[in-house]
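Shown next: run-v3.csv, containing CSV, C-alpha atoms and all ligand atoms.
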```
chain,number,residue,atom,x,y,z
T,1,MET,CA,89.3,100.5,97.8
T,2,THR,CA,88.1,97.9,95.3
T,3,VAL,CA,89.8,98.1,92.0
T,4,PRO,CA,87.5,97.2,89.1
T,5,SER,CA,88.4,93.7,87.7
T,6,ARG,CA,89.0,95.1,84.2
T,7,LEU,CA,91.6,97.5,85.6
T,8,GLN,CA,93.2,94.7,87.7
T,9,ALA,CA,93.5,92.6,84.6
T,10,LEU,CA,95.1,95.4,82.7
T,11,VAL,CA,97.7,96.0,85.4
T,12,ARG,CA,98.5,92.3,85.7
T,13,GLU,CA,99.0,92.0,82.0
T,14,ARG,CA,101.1,95.1,81.8
T,15,GLU,CA,103.5,94.0,84.6
T,16,ASN,CA,103.9,90.5,83.3
T,17,GLY,CA,103.1,88.8,86.7
T,18,ARG,CA,105.9,90.5,88.6
T,19,CYS,CA,106.0,92.5,91.7
T,20,ALA,CA,106.7,96.1,90.6
T,21,TYR,CA,109.1,96.5,93.6
T,22,CYS,CA,111.0,93.3,94.3
T,23,ARG,CA,110.4,91.7,90.9
T,24,SER,CA,109.2,88.4,92.3
T,25,PRO,CA,107.3,86.3,89.7
T,26,GLU,CA,103.8,85.6,91.0
T,27,GLU,CA,103.7,82.2,89.4
T,28,LEU,CA,106.7,81.0,91.5
T,29,THR,CA,105.1,82.0,94.8
T,30,VAL,CA,102.2,80.6,96.7
T,31,THR,CA,100.4,83.9,97.0
T,32,ARG,CA,98.1,86.0,94.8
T,33,PHE,CA,99.8,89.3,94.2
T,34,GLU,CA,97.8,92.5,94.9
T,35,ILE,CA,97.0,95.7,93.1
T,36,ASP,CA,98.8,98.5,94.9
T,37,HIS,CA,97.7,102.1,94.9
T,38,ILE,CA,101.1,103.7,94.5
T,39,VAL,CA,99.9,107.0,96.0
T,40,PRO,CA,97.5,105.6,98.7
T,41,VAL,CA,93.8,106.2,98.5
T,42,SER,CA,94.1,107.8,102.0
T,43,ALA,CA,96.5,110.4,100.4
T,44,GLY,CA,94.2,111.1,97.5
T,45,GLY,CA,95.6,108.5,95.1
T,46,ALA,CA,93.2,107.7,92.3
T,47,THR,CA,92.1,104.2,91.2
T,48,GLU,CA,93.4,104.6,87.7
T,49,GLU,CA,96.1,102.9,85.7
T,50,SER,CA,98.8,105.5,86.3
T,51,ASN,CA,98.5,105.0,90.0
T,52,LEU,CA,98.3,101.2,90.1
T,53,CYS,CA,100.9,98.5,90.1
T,54,MET,CA,101.2,94.9,90.9
T,55,ALA,CA,102.8,94.1,94.3
T,56,CYS,CA,103.5,91.0,96.2
T,57,PRO,CA,101.7,90.9,99.5
T,58,SER,CA,104.9,91.5,101.5
T,59,CYS,CA,106.0,94.5,99.6
T,60,ASN,CA,102.5,95.9,99.7
T,61,ARG,CA,102.2,95.3,103.5
T,62,TYR,CA,105.6,96.9,104.3
T,63,LYS,CA,104.8,99.8,102.0
T,64,GLY,CA,101.4,100.4,103.6
T,65,ALA,CA,100.3,104.0,103.3
T,66,HIS,CA,103.9,105.3,103.1
T,67,GLN,CA,105.1,107.5,100.3
T,68,THR,CA,108.5,108.4,101.7
T,69,ALA,CA,111.2,106.6,103.7
T,70,ILE,CA,114.6,107.2,105.2
T,71,ASP,CA,117.6,106.5,103.0
T,72,PRO,CA,119.9,104.5,105.4
T,73,VAL,CA,123.1,106.1,104.1
T,74,SER,CA,122.2,109.8,104.0
T,75,GLN,CA,119.4,109.6,106.6
T,76,GLN,CA,117.4,111.8,104.3
T,77,ASN,CA,113.6,111.3,104.1
T,78,VAL,CA,113.0,110.7,100.4
T,79,ALA,CA,110.2,109.6,98.1
T,80,LEU,CA,109.7,105.9,97.7
T,81,PHE,CA,110.1,104.3,94.3
T,82,HIS,CA,107.1,105.0,92.1
T,83,PRO,CA,106.7,102.1,89.6
T,84,ARG,CA,104.8,104.1,87.0
T,85,ARG,CA,106.9,107.3,87.1
T,86,ASP,CA,110.3,105.9,87.9
T,87,VAL,CA,112.4,103.4,86.0
T,88,TRP,CA,113.4,100.3,88.1
T,89,GLU,CA,116.9,100.0,86.6
T,90,GLU,CA,117.7,103.6,87.4
T,91,HIS,CA,117.1,103.0,91.1
T,92,PHE,CA,118.0,99.4,91.6
T,93,ALA,CA,120.4,96.7,90.4
T,94,TRP,CA,120.9,93.1,91.1
T,95,ASP,CA,124.1,91.9,92.8
T,96,GLU,CA,126.3,89.5,90.9
T,97,GLN,CA,124.4,86.4,92.1
T,98,GLN,CA,121.1,88.1,91.2
T,99,ILE,CA,119.9,87.4,94.8
T,100,ARG,CA,120.0,90.8,96.5
T,101,ILE,CA,118.8,94.1,95.2
T,102,ILE,CA,121.2,97.0,95.5
T,103,GLY,CA,120.0,100.6,95.8
T,104,LEU,CA,121.6,103.0,93.2
T,105,THR,CA,119.9,106.1,94.5
T,106,LEU,CA,118.5,107.6,97.7
T,107,THR,CA,115.1,106.5,96.6
T,108,GLY,CA,116.3,103.0,95.7
T,109,ARG,CA,118.0,102.5,99.1
T,110,ALA,CA,115.1,103.9,101.1
T,111,THR,CA,112.6,101.7,99.2
T,112,ILE,CA,114.7,98.6,99.7
T,113,GLU,CA,114.8,99.3,103.4
T,114,LYS,CA,111.2,100.2,103.8
T,115,LEU,CA,109.8,97.4,101.8
T,116,ARG,CA,112.4,95.0,103.1
T,117,MET,CA,113.2,94.0,99.5
T,118,ASN,CA,116.1,91.8,100.6
T,119,ARG,CA,114.2,90.1,103.4
T,120,GLN,CA,115.5,86.7,104.3
T,121,SER,CA,112.6,84.7,102.9
T,122,LEU,CA,113.0,86.4,99.6
T,123,VAL,CA,116.7,85.9,99.5
T,124,ARG,CA,116.1,82.2,100.1
T,125,LEU,CA,113.5,82.1,97.3
T,126,ARG,CA,115.8,84.0,94.9
T,127,THR,CA,118.6,81.5,95.6
T,128,LEU,CA,116.2,78.7,94.5
T,129,TRP,CA,115.0,80.6,91.5
T,130,ARG,CA,118.6,81.3,90.5
T,131,LYS,CA,119.3,77.6,90.6
T,132,LEU,CA,116.2,77.0,88.4
T,133,GLY,CA,117.5,79.6,85.9
T,134,VAL,CA,114.7,82.1,86.6
T,135,GLU,CA,115.6,85.5,85.2
T,136,LEU,CA,114.7,88.3,87.6
T,137,GLU,CA,116.3,91.3,86.0
T,138,LYS,CA,113.7,91.5,83.2
T,139,ALA,CA,110.4,93.1,83.9
T,201,ZN,ZN,107.5,92.4,96.1
```
Translate the structure described by the file into C-alpha cells.
Amino acid sequence: MTVPSRLQALVRERENGRCAYCRSPEELTVTRFEIDHIVPVSAGGATEESNLCMACPSCNRYKGAHQTAIDPVSQQNVALFHPRRDVWEEHFAWDEQQIRIIGLTLTGRATIEKLRMNRQSLVRLRTLWRKLGVELEKA
C-alpha cells in the first residue's frame, strides 16, 4: 500500500525523525525509515494519519502483519504497542545506561520481544549514541 507523500511528510514531521517503537533517530542511521500501518492493510487498517507511524526498517520487518505477541513473562498473547493510541512511556522505560528498553507492561514486554527492540546491533548503536550524548528518551 502506497502512502501518499503528503501523508508521509506529515507523519515524519509529527514523529520528529524517530522510530515510533525503538526510538532510534533516523538521522543517525544509514537507512530511510518507513511509514508503518499500525493495523496492517491486510487486517483492514486504513491509510490515514491515525493508523500510520514512522518505523525503522528492522522494527517494521519484525512487526510484519502482527498485531499481537506473547508476553515472555506471563505467556499471554497481548496487543502490540500502538504508537497512536498508547503512550510510549507507559509501556516502556530506558535502563540506567539508556541502552536497553525495559517493558513496563505485558504489551511493552511482548512488543520488545516481537520487534527485537533490544537487538544486538541496536544495543551497539545506542552505546555509541550514548557516548555522543544523543538523548533517546525524548520523542
Ligand atoms: Zn525501530
Just want the 10 Å neighbourhood of T:Leu125, counted on only C-alpha atoms, with same-chain residues fewer than 5 positions away dropped. Output as a tab-separated table (two decimals) with C-alpha atoms, in the coordinates of the input.
```tsv
chain	number	residue	atom	x	y	z
T	24	SER	CA	109.20	88.40	92.30
T	28	LEU	CA	106.70	81.00	91.50
T	29	THR	CA	105.10	82.00	94.80
T	99	ILE	CA	119.90	87.40	94.80
T	120	GLN	CA	115.50	86.70	104.30
T	130	ARG	CA	118.60	81.30	90.50
T	131	LYS	CA	119.30	77.60	90.60
```
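For the atom pair formed by atom ZN of ligand ZN 201 (chain T) and atom CA of T:Ile102, the distance is 14.5 Å, given to one decimal.
With all atoms listed in the file as the atoms that count, the minimum distance from T:Phe33 to the choices T:Asn60, T:Thr2, T:Thr105, T:Gln97 is reached by T:Asn60.
When all atoms listed in the file are used to measure the gap to T:Lys114, the shortest distance among T:Gln76, T:Thr127, T:Gln98, T:Gln67 belongs to T:Gln67.
Take the candidates T:Arg14, T:His37, T:Arg61, T:Arg100 and check each one against ligand ZN 201 (chain T) using only C-alpha atoms and all ligand atoms; the shortest distance goes to T:Arg61.
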Quick one: residues within 9 Å of T:Pro83, all atoms listed in the file counted, chain neighbours fewer than 2 positions away excluded, as an MDAnalysis selection string? chainID T and resid 20:21 38 51:53 81 85:88
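Nearest to ligand ZN 201 (chain T) of all the residues T:Leu122, T:Leu106, T:Val3, T:Cys22 is T:Cys22, counting all atoms listed in the file.
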Out of T:Glu34, T:Glu135, T:Asp95, T:Glu90, which residue has the shortest atom-to-atom distance to ligand ZN 201 (chain T) when counting all atoms listed in the file? T:Glu34
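Nearest to T:Thr47 of all the residues T:Leu80, T:Val11, T:Ala69, T:Cys59 is T:Val11, counting only C-alpha atoms.
Interatomic distance, atom CA of T:Ala93 against atom ZN of ligand ZN 201 (chain T): 14.7 Å.
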Who sits within 8 Å of T:Val78, only C-alpha atoms, same chain under 4 positions skipped, as a PyMOL selection string: chain T and resi 68-71+106-107+110
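When atom CA of T:Thr111 is paired with atom CA of T:Ser42, their separation reads 19.7 Å.
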Kindly complete stretch 70-101 of chain T to N, CA and C atoms; the output should be written as a CSV table (one decimal), in the coordinates of the input.
```
chain,number,residue,atom,x,y,z
T,70,ILE,N,113.3,106.7,104.9
T,70,ILE,CA,114.6,107.2,105.2
T,70,ILE,C,115.6,106.4,104.4
T,71,ASP,N,116.5,107.1,103.7
T,71,ASP,CA,117.6,106.5,103.0
T,71,ASP,C,118.6,106.2,104.1
T,72,PRO,N,119.0,104.9,104.3
T,72,PRO,CA,119.9,104.5,105.4
T,72,PRO,C,121.3,105.1,105.3
T,73,VAL,N,121.7,105.5,104.2
T,73,VAL,CA,123.1,106.1,104.1
T,73,VAL,C,123.1,107.6,104.4
T,74,SER,N,122.2,108.4,103.8
T,74,SER,CA,122.2,109.8,104.0
T,74,SER,C,121.3,110.2,105.2
T,75,GLN,N,120.5,109.3,105.6
T,75,GLN,CA,119.4,109.6,106.6
T,75,GLN,C,118.4,110.7,106.2
T,76,GLN,N,118.4,110.9,104.9
T,76,GLN,CA,117.4,111.8,104.3
T,76,GLN,C,116.0,111.1,104.1
T,77,ASN,N,114.9,111.8,104.3
T,77,ASN,CA,113.6,111.3,104.1
T,77,ASN,C,113.3,111.6,102.6
T,78,VAL,N,113.2,110.5,101.8
T,78,VAL,CA,113.0,110.7,100.4
T,78,VAL,C,111.8,109.9,99.9
T,79,ALA,N,111.3,110.3,98.6
T,79,ALA,CA,110.2,109.6,98.1
T,79,ALA,C,110.5,108.1,97.8
T,80,LEU,N,109.5,107.3,98.0
T,80,LEU,CA,109.7,105.9,97.7
T,80,LEU,C,109.6,105.7,96.2
T,81,PHE,N,110.2,104.6,95.7
T,81,PHE,CA,110.1,104.3,94.3
T,81,PHE,C,108.7,104.3,93.8
T,82,HIS,N,108.5,105.0,92.7
T,82,HIS,CA,107.1,105.0,92.1
T,82,HIS,C,107.1,104.2,90.8
T,83,PRO,N,106.6,103.0,90.8
T,83,PRO,CA,106.7,102.1,89.6
T,83,PRO,C,106.2,102.7,88.3
T,84,ARG,N,105.3,103.6,88.3
T,84,ARG,CA,104.8,104.1,87.0
T,84,ARG,C,105.6,105.4,86.6
T,85,ARG,N,106.2,106.1,87.5
T,85,ARG,CA,106.9,107.3,87.1
T,85,ARG,C,108.4,107.1,87.0
T,86,ASP,N,108.9,106.2,87.8
T,86,ASP,CA,110.3,105.9,87.9
T,86,ASP,C,110.7,104.6,87.1
T,87,VAL,N,111.9,104.6,86.7
T,87,VAL,CA,112.4,103.4,86.0
T,87,VAL,C,113.2,102.5,87.0
T,88,TRP,N,112.8,101.3,87.1
T,88,TRP,CA,113.4,100.3,88.1
T,88,TRP,C,114.9,100.3,88.0
T,89,GLU,N,115.4,100.2,86.8
T,89,GLU,CA,116.9,100.0,86.6
T,89,GLU,C,117.7,101.3,87.0
T,90,GLU,N,117.0,102.4,87.1
T,90,GLU,CA,117.7,103.6,87.4
T,90,GLU,C,117.9,103.7,89.0
T,91,HIS,N,117.0,103.0,89.7
T,91,HIS,CA,117.1,103.0,91.1
T,91,HIS,C,117.6,101.8,91.8
T,92,PHE,N,117.6,100.6,91.0
T,92,PHE,CA,118.0,99.4,91.6
T,92,PHE,C,118.8,98.6,90.6
T,93,ALA,N,119.6,97.7,91.2
T,93,ALA,CA,120.4,96.7,90.4
T,93,ALA,C,120.5,95.4,91.2
T,94,TRP,N,120.7,94.4,90.5
T,94,TRP,CA,120.9,93.1,91.1
T,94,TRP,C,122.4,92.9,91.5
T,95,ASP,N,122.7,92.2,92.6
T,95,ASP,CA,124.1,91.9,92.8
T,95,ASP,C,124.5,90.8,91.9
T,96,GLU,N,125.8,90.4,91.9
T,96,GLU,CA,126.3,89.5,90.9
T,96,GLU,C,125.6,88.2,90.9
T,97,GLN,N,125.1,87.7,92.1
T,97,GLN,CA,124.4,86.4,92.1
T,97,GLN,C,122.9,86.6,91.8
T,98,GLN,N,122.5,87.8,91.5
T,98,GLN,CA,121.1,88.1,91.2
T,98,GLN,C,120.2,87.6,92.4
T,99,ILE,N,120.6,87.9,93.6
T,99,ILE,CA,119.9,87.4,94.8
T,99,ILE,C,119.5,88.6,95.7
T,100,ARG,N,120.4,89.6,95.7
T,100,ARG,CA,120.0,90.8,96.5
T,100,ARG,C,119.9,92.0,95.6
T,101,ILE,N,119.0,92.9,95.9
T,101,ILE,CA,118.8,94.1,95.2
T,101,ILE,C,119.6,95.2,95.8
```
